[in-house]
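Q: So here's query20.txt, just compact mmCIF, C-alpha atoms and all ligand atoms:
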# COMPACT_ATOMS: atom_id res chain seq x y z
CA MET U 1 -17.43 10.03 -136.95
CA ILE U 2 -14.87 9.08 -134.34
CA TYR U 3 -16.35 9.77 -130.92
CA LYS U 4 -13.89 10.73 -128.23
CA ALA U 5 -15.75 11.34 -124.97
CA CYS U 6 -18.62 10.13 -122.84
CA LEU U 7 -20.39 12.73 -120.69
CA PHE U 8 -22.47 11.32 -117.88
CA ASP U 9 -25.33 12.78 -115.93
CA LEU U 10 -25.06 11.63 -112.31
CA ASP U 11 -28.45 11.29 -110.60
CA GLY U 12 -30.38 8.40 -112.15
CA VAL U 13 -27.57 7.40 -114.52
CA LEU U 14 -24.64 6.42 -112.32
CA VAL U 15 -26.41 6.36 -108.93
CA ASP U 16 -30.03 6.29 -107.85
CA THR U 17 -30.23 9.48 -105.83
CA ALA U 18 -33.66 10.38 -107.28
CA ILE U 19 -35.22 8.57 -104.32
CA TYR U 20 -33.34 10.82 -101.88
CA HIS U 21 -34.28 14.02 -103.75
CA PHE U 22 -37.91 12.82 -103.75
CA GLN U 23 -37.88 12.08 -100.03
CA ALA U 24 -36.32 15.44 -99.18
CA TRP U 25 -38.78 17.42 -101.36
CA LYS U 26 -41.71 15.42 -99.99
CA ASN U 27 -40.67 16.24 -96.45
CA LEU U 28 -40.29 19.89 -97.31
CA GLY U 29 -43.76 19.92 -98.87
CA LYS U 30 -45.22 19.34 -95.40
CA GLN U 31 -44.29 22.94 -94.55
CA PHE U 32 -46.94 24.16 -96.98
CA ALA U 33 -49.23 21.12 -96.65
CA TYR U 34 -48.39 19.71 -100.06
CA GLU U 35 -48.08 16.06 -101.02
CA LEU U 36 -45.65 15.63 -103.93
CA THR U 37 -46.43 12.67 -106.23
CA GLU U 38 -44.02 10.33 -108.00
CA GLU U 39 -45.23 11.58 -111.39
CA GLN U 40 -44.34 15.13 -110.38
CA ASN U 41 -40.97 13.97 -109.10
CA GLU U 42 -40.28 12.62 -112.59
CA GLN U 43 -40.57 16.18 -113.88
CA LEU U 44 -37.97 17.36 -111.35
CA LYS U 45 -35.26 15.06 -112.71
CA GLY U 46 -32.36 17.02 -114.14
CA VAL U 47 -33.87 20.28 -112.91
CA SER U 48 -31.85 22.54 -110.59
CA ARG U 49 -32.68 22.94 -106.90
CA VAL U 50 -34.07 26.47 -107.28
CA GLU U 51 -36.19 25.55 -110.29
CA SER U 52 -37.45 22.41 -108.57
CA LEU U 53 -38.71 24.46 -105.61
CA ASN U 54 -40.39 26.93 -107.95
CA LYS U 55 -42.16 24.10 -109.76
CA ILE U 56 -43.35 22.52 -106.50
CA LEU U 57 -44.63 25.85 -105.14
CA ASN U 58 -46.42 26.35 -108.42
CA TRP U 59 -48.10 22.94 -108.20
CA ALA U 60 -49.01 23.70 -104.60
CA ASN U 61 -50.40 27.05 -105.66
CA TYR U 62 -48.39 28.64 -102.85
CA SER U 63 -46.87 32.05 -103.38
CA ALA U 64 -43.81 32.12 -101.14
CA THR U 65 -41.70 35.09 -100.10
CA GLN U 66 -38.04 35.12 -101.16
CA GLU U 67 -37.15 34.60 -97.51
CA GLU U 68 -39.29 31.46 -97.28
CA LYS U 69 -37.77 30.16 -100.51
CA ASN U 70 -34.23 30.73 -99.24
CA THR U 71 -34.98 28.95 -95.97
CA TRP U 72 -36.63 26.01 -97.73
CA LEU U 73 -33.78 25.59 -100.21
CA ILE U 74 -31.40 25.29 -97.28
CA GLU U 75 -33.69 22.93 -95.39
CA LYS U 76 -34.23 20.69 -98.41
CA ASN U 77 -30.51 20.43 -98.99
CA GLU U 78 -29.76 19.73 -95.32
CA GLU U 79 -32.23 16.86 -95.44
CA TYR U 80 -30.78 15.62 -98.75
CA LEU U 81 -27.25 15.74 -97.32
CA ARG U 82 -28.45 13.69 -94.33
CA LEU U 83 -29.98 11.14 -96.70
CA ILE U 84 -26.85 10.78 -98.83
CA SER U 85 -24.44 10.82 -95.88
CA ASN U 86 -24.26 7.02 -95.76
CA MET U 87 -24.01 6.43 -99.50
CA ASN U 88 -21.39 3.89 -100.51
CA PRO U 89 -20.17 2.02 -103.63
CA SER U 90 -23.09 -0.43 -103.38
CA GLU U 91 -25.35 2.37 -104.62
CA ILE U 92 -23.66 2.61 -108.00
CA LEU U 93 -26.28 1.42 -110.48
CA PRO U 94 -25.87 -2.12 -111.91
CA GLY U 95 -23.50 -2.45 -114.86
CA VAL U 96 -22.04 1.06 -114.50
CA LEU U 97 -18.56 0.07 -113.31
CA ASP U 98 -18.18 -2.53 -116.03
CA PHE U 99 -19.28 0.02 -118.64
CA LEU U 100 -16.82 2.64 -117.35
CA GLN U 101 -14.05 0.03 -117.53
CA GLN U 102 -14.95 -0.75 -121.14
CA ILE U 103 -14.98 2.87 -122.33
CA LYS U 104 -11.73 3.62 -120.50
CA SER U 105 -10.12 0.67 -122.30
CA LEU U 106 -11.54 1.92 -125.61
CA GLY U 107 -9.80 5.27 -124.99
CA TYR U 108 -12.80 7.53 -124.38
CA LYS U 109 -12.44 10.56 -122.11
CA ILE U 110 -14.96 10.55 -119.27
CA ALA U 111 -16.69 13.64 -117.88
CA LEU U 112 -19.57 14.41 -115.56
CA GLY U 113 -22.33 16.83 -116.59
CA SER U 114 -24.67 17.18 -113.63
CA ALA U 115 -27.05 19.88 -112.37
CA SER U 116 -26.28 18.88 -108.79
CA LYS U 117 -24.20 21.02 -106.47
CA ASN U 118 -23.63 17.88 -104.40
CA ALA U 119 -22.09 15.86 -107.23
CA GLU U 120 -18.55 15.73 -105.84
CA ILE U 121 -19.73 14.48 -102.43
CA ILE U 122 -21.62 11.64 -104.13
CA LEU U 123 -18.67 10.74 -106.40
CA GLU U 124 -16.40 10.61 -103.34
CA LYS U 125 -18.77 8.51 -101.23
CA THR U 126 -19.39 5.99 -103.98
CA GLY U 127 -15.75 5.82 -105.06
CA LEU U 128 -16.58 6.94 -108.62
CA MET U 129 -14.34 10.02 -108.56
CA PRO U 130 -11.16 8.46 -110.04
CA TRP U 131 -12.97 7.53 -113.26
CA PHE U 132 -13.50 11.15 -114.25
CA ASP U 133 -11.20 13.34 -116.35
CA LEU U 134 -13.45 16.35 -115.74
CA ILE U 135 -16.37 17.31 -113.55
CA ILE U 136 -18.91 19.95 -114.52
CA ASP U 137 -21.60 20.24 -111.85
CA GLY U 138 -24.22 22.67 -110.60
CA ASN U 139 -21.54 24.90 -109.10
CA LYS U 140 -20.00 25.53 -112.50
CA VAL U 141 -23.03 26.43 -114.60
CA SER U 142 -25.53 29.27 -114.60
CA LYS U 143 -28.16 27.73 -116.87
CA SER U 144 -30.18 24.64 -116.09
CA LYS U 145 -30.80 21.72 -118.50
CA PRO U 146 -32.37 21.74 -121.14
CA ASP U 147 -29.84 24.52 -121.80
CA PRO U 148 -26.73 22.75 -123.17
CA GLU U 149 -24.28 24.79 -121.03
CA VAL U 150 -23.29 21.92 -118.70
CA PHE U 151 -22.37 19.62 -121.60
CA LEU U 152 -20.77 22.33 -123.75
CA LYS U 153 -18.53 23.20 -120.79
CA GLY U 154 -17.71 19.51 -120.56
CA ALA U 155 -16.65 19.30 -124.20
CA GLU U 156 -14.69 22.53 -123.92
CA GLY U 157 -12.97 21.40 -120.72
CA LEU U 158 -11.86 18.21 -122.45
CA GLY U 159 -10.63 20.25 -125.43
CA LEU U 160 -13.12 18.56 -127.78
CA GLN U 161 -15.81 19.58 -130.25
CA PRO U 162 -19.37 18.80 -129.07
CA GLU U 163 -19.88 16.60 -132.15
CA VAL U 164 -17.46 13.97 -130.84
CA CYS U 165 -19.19 13.71 -127.44
CA ILE U 166 -21.84 11.23 -126.34
CA VAL U 167 -24.13 12.11 -123.43
CA PHE U 168 -25.80 9.62 -121.08
CA GLU U 169 -29.02 10.93 -119.52
CA ASP U 170 -32.08 9.67 -117.66
CA ALA U 171 -34.07 12.91 -117.85
CA GLN U 172 -35.87 14.45 -120.77
CA ALA U 173 -34.41 17.87 -119.95
CA GLY U 174 -30.94 16.33 -120.11
CA VAL U 175 -31.51 14.62 -123.46
CA GLU U 176 -32.78 17.94 -124.82
CA ALA U 177 -29.65 19.66 -123.48
CA ALA U 178 -27.39 17.15 -125.24
CA LYS U 179 -29.24 17.52 -128.55
CA ALA U 180 -29.21 21.33 -128.23
CA GLY U 181 -25.43 21.05 -127.78
CA ASN U 182 -25.02 18.99 -130.98
CA MET U 183 -24.09 15.82 -129.16
CA LYS U 184 -25.32 12.26 -129.39
CA ALA U 185 -27.67 11.34 -126.55
CA ILE U 186 -28.14 7.91 -125.05
CA GLY U 187 -31.20 7.72 -122.83
CA ILE U 188 -31.19 5.49 -119.77
CA GLY U 189 -34.71 4.38 -118.91
CA GLU U 190 -38.09 4.27 -120.57
CA PRO U 191 -38.62 5.17 -124.26
CA GLU U 192 -41.79 7.11 -123.31
CA THR U 193 -39.85 9.74 -121.37
CA LEU U 194 -36.74 9.84 -123.56
CA SER U 195 -38.11 10.01 -127.09
CA LEU U 196 -35.54 12.55 -128.32
CA ALA U 197 -32.57 10.33 -127.51
CA ASP U 198 -30.52 8.77 -130.36
CA LYS U 199 -30.52 5.43 -128.54
CA ILE U 200 -32.25 4.22 -125.40
CA ILE U 201 -31.17 1.46 -123.03
CA PRO U 202 -33.00 0.42 -119.83
CA ASN U 203 -29.77 0.31 -117.80
CA PHE U 204 -26.07 -0.61 -118.18
CA ILE U 205 -26.41 -4.31 -117.39
CA GLY U 206 -24.57 -6.38 -119.99
CA VAL U 207 -24.11 -3.42 -122.36
CA LYS U 208 -21.30 -3.79 -124.89
CA ALA U 209 -19.75 -0.33 -125.18
CA ALA U 210 -18.12 -0.92 -128.56
CA GLU U 211 -21.55 -1.69 -130.06
CA LEU U 212 -23.56 0.95 -128.20
CA LEU U 213 -21.20 3.78 -129.14
CA GLN U 214 -21.53 3.11 -132.90
CA PHE U 215 -23.63 5.73 -134.67
C1 LIG U 301 -30.12 16.81 -110.69
C2 LIG U 301 -31.29 16.02 -110.13
O1 LIG U 301 -29.10 15.93 -111.05
O2 LIG U 301 -29.62 17.72 -109.72
C3 LIG U 301 -32.35 16.98 -109.62
O3 LIG U 301 -31.83 15.19 -111.14
C4 LIG U 301 -31.74 17.94 -108.62
O4 LIG U 301 -33.39 16.24 -109.03
C5 LIG U 301 -30.56 18.68 -109.25
O5 LIG U 301 -32.71 18.89 -108.17
C6 LIG U 301 -29.87 19.64 -108.28
O6 LIG U 301 -29.28 18.89 -107.24
P1 LIG U 301 -28.70 19.50 -105.91
O7 LIG U 301 -27.93 18.35 -105.32
O8 LIG U 301 -27.79 20.64 -106.29
O9 LIG U 301 -29.84 19.96 -105.08
MG MG U 302 -30.46 12.51 -113.97
Starting from the file, give its structure as structure tokens.
Ligand code: BG6
Ligand code: MG
A:
Amino acid sequence: MIYKACLFDLDGVLVDTAIYHFQAWKNLGKQFAYELTEEQNEQLKGVSRVESLNKILNWANYSATQEEKNTWLIEKNEEYLRLISNMNPSEILPGVLDFLQQIKSLGYKIALGSASKNAEIILEKTGLMPWFDLIIDGNKVSKSKPDPEVFLKGAEGLGLQPEVCIVFEDAQAGVEAAKAGNMKAIGIGEPETLSLADKIIPNFIGVKAAELLQF
């Protein structure tokens, strides 16, 4: 099979914004006296803002009104936007730029497939935007990972079949989405959380694209 495109998740793959999401959710939790743990935060990776709040309220055993939920979604995002406001190219994860350079030289198309509605702000602030041929983010999808919608829209937008696309993901929900979409999935992180991935690497440091993208 000749693979033609690489589809990247954003948070936790290209930049480490998980810490900012965690901080913003933790702060919000104070409103209903709930202390979010790091293990729980792991389960929020790749999950949309609305679904994340629902999960947290569930853990907290707090039944919120729709009005409370709407207010908290806004408050969480305002805090998150404050936290990412000073992001800069130094927050691109190690090895990412070199890897993007390699795949560009090898002729792969490059797309983003992220659940975040703040993806474009982050790509601008970190200077990653020019690398992308296409951006599919949380504003363009109606179904959250593990539904494959975000990646299928990526393939479609590039004019390619899903089978020639390779997805890079740090979240289990994202790996499941890629597999559900008939794509190859490369997990970034720990084998324990990414068992469904076709290949797993800890990060992009020293990765040789020509070797990694052989299946
Ligand atoms: C995903 C993150 O990329 O985007 C999740 O892994 C986050 O933690 C989701 O909740 C939605 O992000 P945003 O920026 O639209 O609140
Ligand atoms: Mg992610």
Q: Using all atoms listed in the file, find each residue of range 151-179 of chain U with at least one atom at most 10 Å away from an atom of range 129-138 of chain U; report its shortest atom-to-atom pair and that distance in Å (one decimal), sort the rows by chain and rising residue number, and return the result as a tab-separated table.
A:
residue	atom	partner	partner_atom	distance
U:Phe151	CA	U:Ile136	CA	7.9
U:Leu152	CA	U:Ile136	CA	9.7
U:Lys153	CA	U:Ile136	CA	7.1
U:Gly154	CA	U:Ile136	CA	6.2
U:Ala155	CA	U:Leu134	CA	9.5
U:Gly157	CA	U:Leu134	CA	7.1
U:Leu158	CA	U:Leu134	CA	7.1
Q: Using the selection just defined, write its residues with C-alpha atoms as a short mmCIF file (atom, residue, chain, number, x, y, z; two decimals), in the frame of the given file.
A:
data_model
loop_
_atom_site.label_atom_id
_atom_site.label_comp_id
_atom_site.auth_asym_id
_atom_site.auth_seq_id
_atom_site.Cartn_x
_atom_site.Cartn_y
_atom_site.Cartn_z
CA PHE U 151 -22.37 19.62 -121.60
CA LEU U 152 -20.77 22.33 -123.75
CA LYS U 153 -18.53 23.20 -120.79
CA GLY U 154 -17.71 19.51 -120.56
CA ALA U 155 -16.65 19.30 -124.20
CA GLY U 157 -12.97 21.40 -120.72
CA LEU U 158 -11.86 18.21 -122.45
#
Q: Could you make a table, as JSON lines, of the residues of chain U that have an atom within 6 Å of an atom of ligand LIG 301 (chain U), each with its nearest atom pair and distance in Å to one decimal, counting only C-alpha atoms and all ligand atoms, in chain and number order?
A:
{"residue": "U:Asp11", "atom": "CA", "partner": "U:LIG301", "partner_atom": "O1", "distance": 4.7}
{"residue": "U:His21", "atom": "CA", "partner": "U:LIG301", "partner_atom": "O4", "distance": 5.8}
{"residue": "U:Leu44", "atom": "CA", "partner": "U:LIG301", "partner_atom": "O4", "distance": 5.3}
{"residue": "U:Lys45", "atom": "CA", "partner": "U:LIG301", "partner_atom": "O3", "distance": 3.8}
{"residue": "U:Gly46", "atom": "CA", "partner": "U:LIG301", "partner_atom": "O3", "distance": 3.6}
{"residue": "U:Val47", "atom": "CA", "partner": "U:LIG301", "partner_atom": "C3", "distance": 4.9}
{"residue": "U:Ser48", "atom": "CA", "partner": "U:LIG301", "partner_atom": "C6", "distance": 4.2}
{"residue": "U:Arg49", "atom": "CA", "partner": "U:LIG301", "partner_atom": "O5", "distance": 4.2}
{"residue": "U:Ser52", "atom": "CA", "partner": "U:LIG301", "partner_atom": "O5", "distance": 5.9}
{"residue": "U:Ser114", "atom": "CA", "partner": "U:LIG301", "partner_atom": "O1", "distance": 5.3}
{"residue": "U:Ala115", "atom": "CA", "partner": "U:LIG301", "partner_atom": "O2", "distance": 4.3}
{"residue": "U:Ser116", "atom": "CA", "partner": "U:LIG301", "partner_atom": "O6", "distance": 3.4}
{"residue": "U:Lys117", "atom": "CA", "partner": "U:LIG301", "partner_atom": "O8", "distance": 3.6}
{"residue": "U:Asn118", "atom": "CA", "partner": "U:LIG301", "partner_atom": "O7", "distance": 4.4}
{"residue": "U:Gly138", "atom": "CA", "partner": "U:LIG301", "partner_atom": "O8", "distance": 6.0}
Q: Dump the neighbourhood of ligand MG 302 (chain U) as a ChimeraX atom specification: all residues within 12 Å, distances computed on all atoms listed in the file.
A: /U:8-19,21,41-48,112-116,119,137,145-146,167-175,177,187-189,194
Q: Could you jot down the CA of Tyr34 in chain U to CA of Glu79 in chain U separation for me, Å, one decimal place?
A: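 Taking CA of Tyr34 in chain U as the start and CA of Glu79 in chain U as the end point, the length is 17.0 Å.
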Q: Which is closer to Val96 in chain U than all the others in U:Leu28, U:Leu83, U:Pro162, U:Leu128, using only C-alpha atoms?
A: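 Among the listed residues, U:Leu128 lies closest to Val96 in chain U.
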Q: At what distance in Å, to one decimal, does CA of Leu53 in chain U lie from CA of Lys30 in chain U?
A: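 Taking CA of Lys30 in chain U as the start and CA of Leu53 in chain U as the end point, the length is 13.1 Å.
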Q: Using all atoms listed in the file, pick whichever of U:Gly107, U:Pro148, U:Pro89, U:Pro202 has the shortest atom-to-atom distance to Gly181 in chain U.
A: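 Under the stated criterion, the closest residue is U:Pro148.
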Q: Can you measure CA of Val207 in chain U to CA of Leu7 in chain U for me? One decimal in Å is fine.
A: 16.7 Å
Q: Can you patch up range 103-123 of chain U, filling it in to N, CA, C and O atoms, and show the result as a short mmCIF file (atom, residue, chain, number, x, y, z; two decimals), keeping the file's coordinate frame?
A:
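Now in result_6.cif:
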data_model
loop_
_atom_site.label_atom_id
_atom_site.label_comp_id
_atom_site.auth_asym_id
_atom_site.auth_seq_id
_atom_site.Cartn_x
_atom_site.Cartn_y
_atom_site.Cartn_z
N ILE U 103 -15.25 1.65 -121.54
CA ILE U 103 -14.98 2.87 -122.33
C ILE U 103 -13.57 3.42 -122.05
O ILE U 103 -12.93 3.98 -122.92
N LYS U 104 -13.11 3.20 -120.82
CA LYS U 104 -11.73 3.62 -120.50
C LYS U 104 -10.77 2.83 -121.38
O LYS U 104 -9.86 3.39 -121.99
N SER U 105 -10.98 1.52 -121.47
CA SER U 105 -10.12 0.67 -122.30
C SER U 105 -10.20 1.05 -123.77
O SER U 105 -9.22 0.93 -124.51
N LEU U 106 -11.38 1.52 -124.20
CA LEU U 106 -11.54 1.92 -125.61
C LEU U 106 -10.95 3.31 -125.87
O LEU U 106 -10.94 3.77 -127.01
N GLY U 107 -10.48 3.98 -124.82
CA GLY U 107 -9.80 5.27 -124.99
C GLY U 107 -10.67 6.51 -124.92
O GLY U 107 -10.22 7.61 -125.25
N TYR U 108 -11.93 6.35 -124.51
CA TYR U 108 -12.80 7.53 -124.38
C TYR U 108 -12.42 8.35 -123.15
O TYR U 108 -12.06 7.80 -122.12
N LYS U 109 -12.53 9.69 -123.28
CA LYS U 109 -12.44 10.56 -122.11
C LYS U 109 -13.77 10.45 -121.38
O LYS U 109 -14.82 10.22 -122.00
N ILE U 110 -13.74 10.68 -120.07
CA ILE U 110 -14.96 10.55 -119.27
C ILE U 110 -15.19 11.82 -118.47
O ILE U 110 -14.29 12.27 -117.73
N ALA U 111 -16.38 12.42 -118.63
CA ALA U 111 -16.69 13.64 -117.88
C ALA U 111 -18.06 13.54 -117.24
O ALA U 111 -18.92 12.75 -117.69
N LEU U 112 -18.26 14.35 -116.20
CA LEU U 112 -19.57 14.41 -115.56
C LEU U 112 -20.25 15.71 -115.99
O LEU U 112 -19.61 16.76 -116.07
N GLY U 113 -21.55 15.63 -116.26
CA GLY U 113 -22.33 16.83 -116.59
C GLY U 113 -23.61 16.79 -115.78
O GLY U 113 -24.62 16.27 -116.24
N SER U 114 -23.54 17.32 -114.55
CA SER U 114 -24.67 17.18 -113.63
C SER U 114 -25.15 18.54 -113.14
O SER U 114 -24.35 19.45 -112.93
N ALA U 115 -26.47 18.64 -112.91
CA ALA U 115 -27.05 19.88 -112.37
C ALA U 115 -26.81 19.99 -110.86
O ALA U 115 -27.00 21.05 -110.27
N SER U 116 -26.38 18.91 -110.26
CA SER U 116 -26.28 18.88 -108.79
C SER U 116 -25.07 19.62 -108.26
O SER U 116 -23.96 19.49 -108.77
N LYS U 117 -25.31 20.36 -107.17
CA LYS U 117 -24.20 21.02 -106.47
C LYS U 117 -23.56 20.06 -105.47
O LYS U 117 -22.58 20.39 -104.83
N ASN U 118 -24.15 18.88 -105.33
CA ASN U 118 -23.63 17.88 -104.40
C ASN U 118 -22.91 16.75 -105.13
O ASN U 118 -22.60 15.73 -104.52
N ALA U 119 -22.63 16.95 -106.42
CA ALA U 119 -22.09 15.86 -107.23
C ALA U 119 -20.77 15.31 -106.68
O ALA U 119 -20.58 14.09 -106.60
N GLU U 120 -19.86 16.21 -106.27
CA GLU U 120 -18.55 15.73 -105.84
C GLU U 120 -18.64 14.88 -104.57
O GLU U 120 -17.92 13.90 -104.42
N ILE U 121 -19.56 15.26 -103.67
CA ILE U 121 -19.73 14.48 -102.43
C ILE U 121 -20.15 13.05 -102.80
O ILE U 121 -19.64 12.07 -102.25
N ILE U 122 -21.09 12.95 -103.74
CA ILE U 122 -21.62 11.64 -104.13
C ILE U 122 -20.54 10.81 -104.84
O ILE U 122 -20.39 9.62 -104.57
N LEU U 123 -19.76 11.47 -105.71
CA LEU U 123 -18.67 10.74 -106.40
C LEU U 123 -17.65 10.23 -105.40
O LEU U 123 -17.13 9.11 -105.53
#
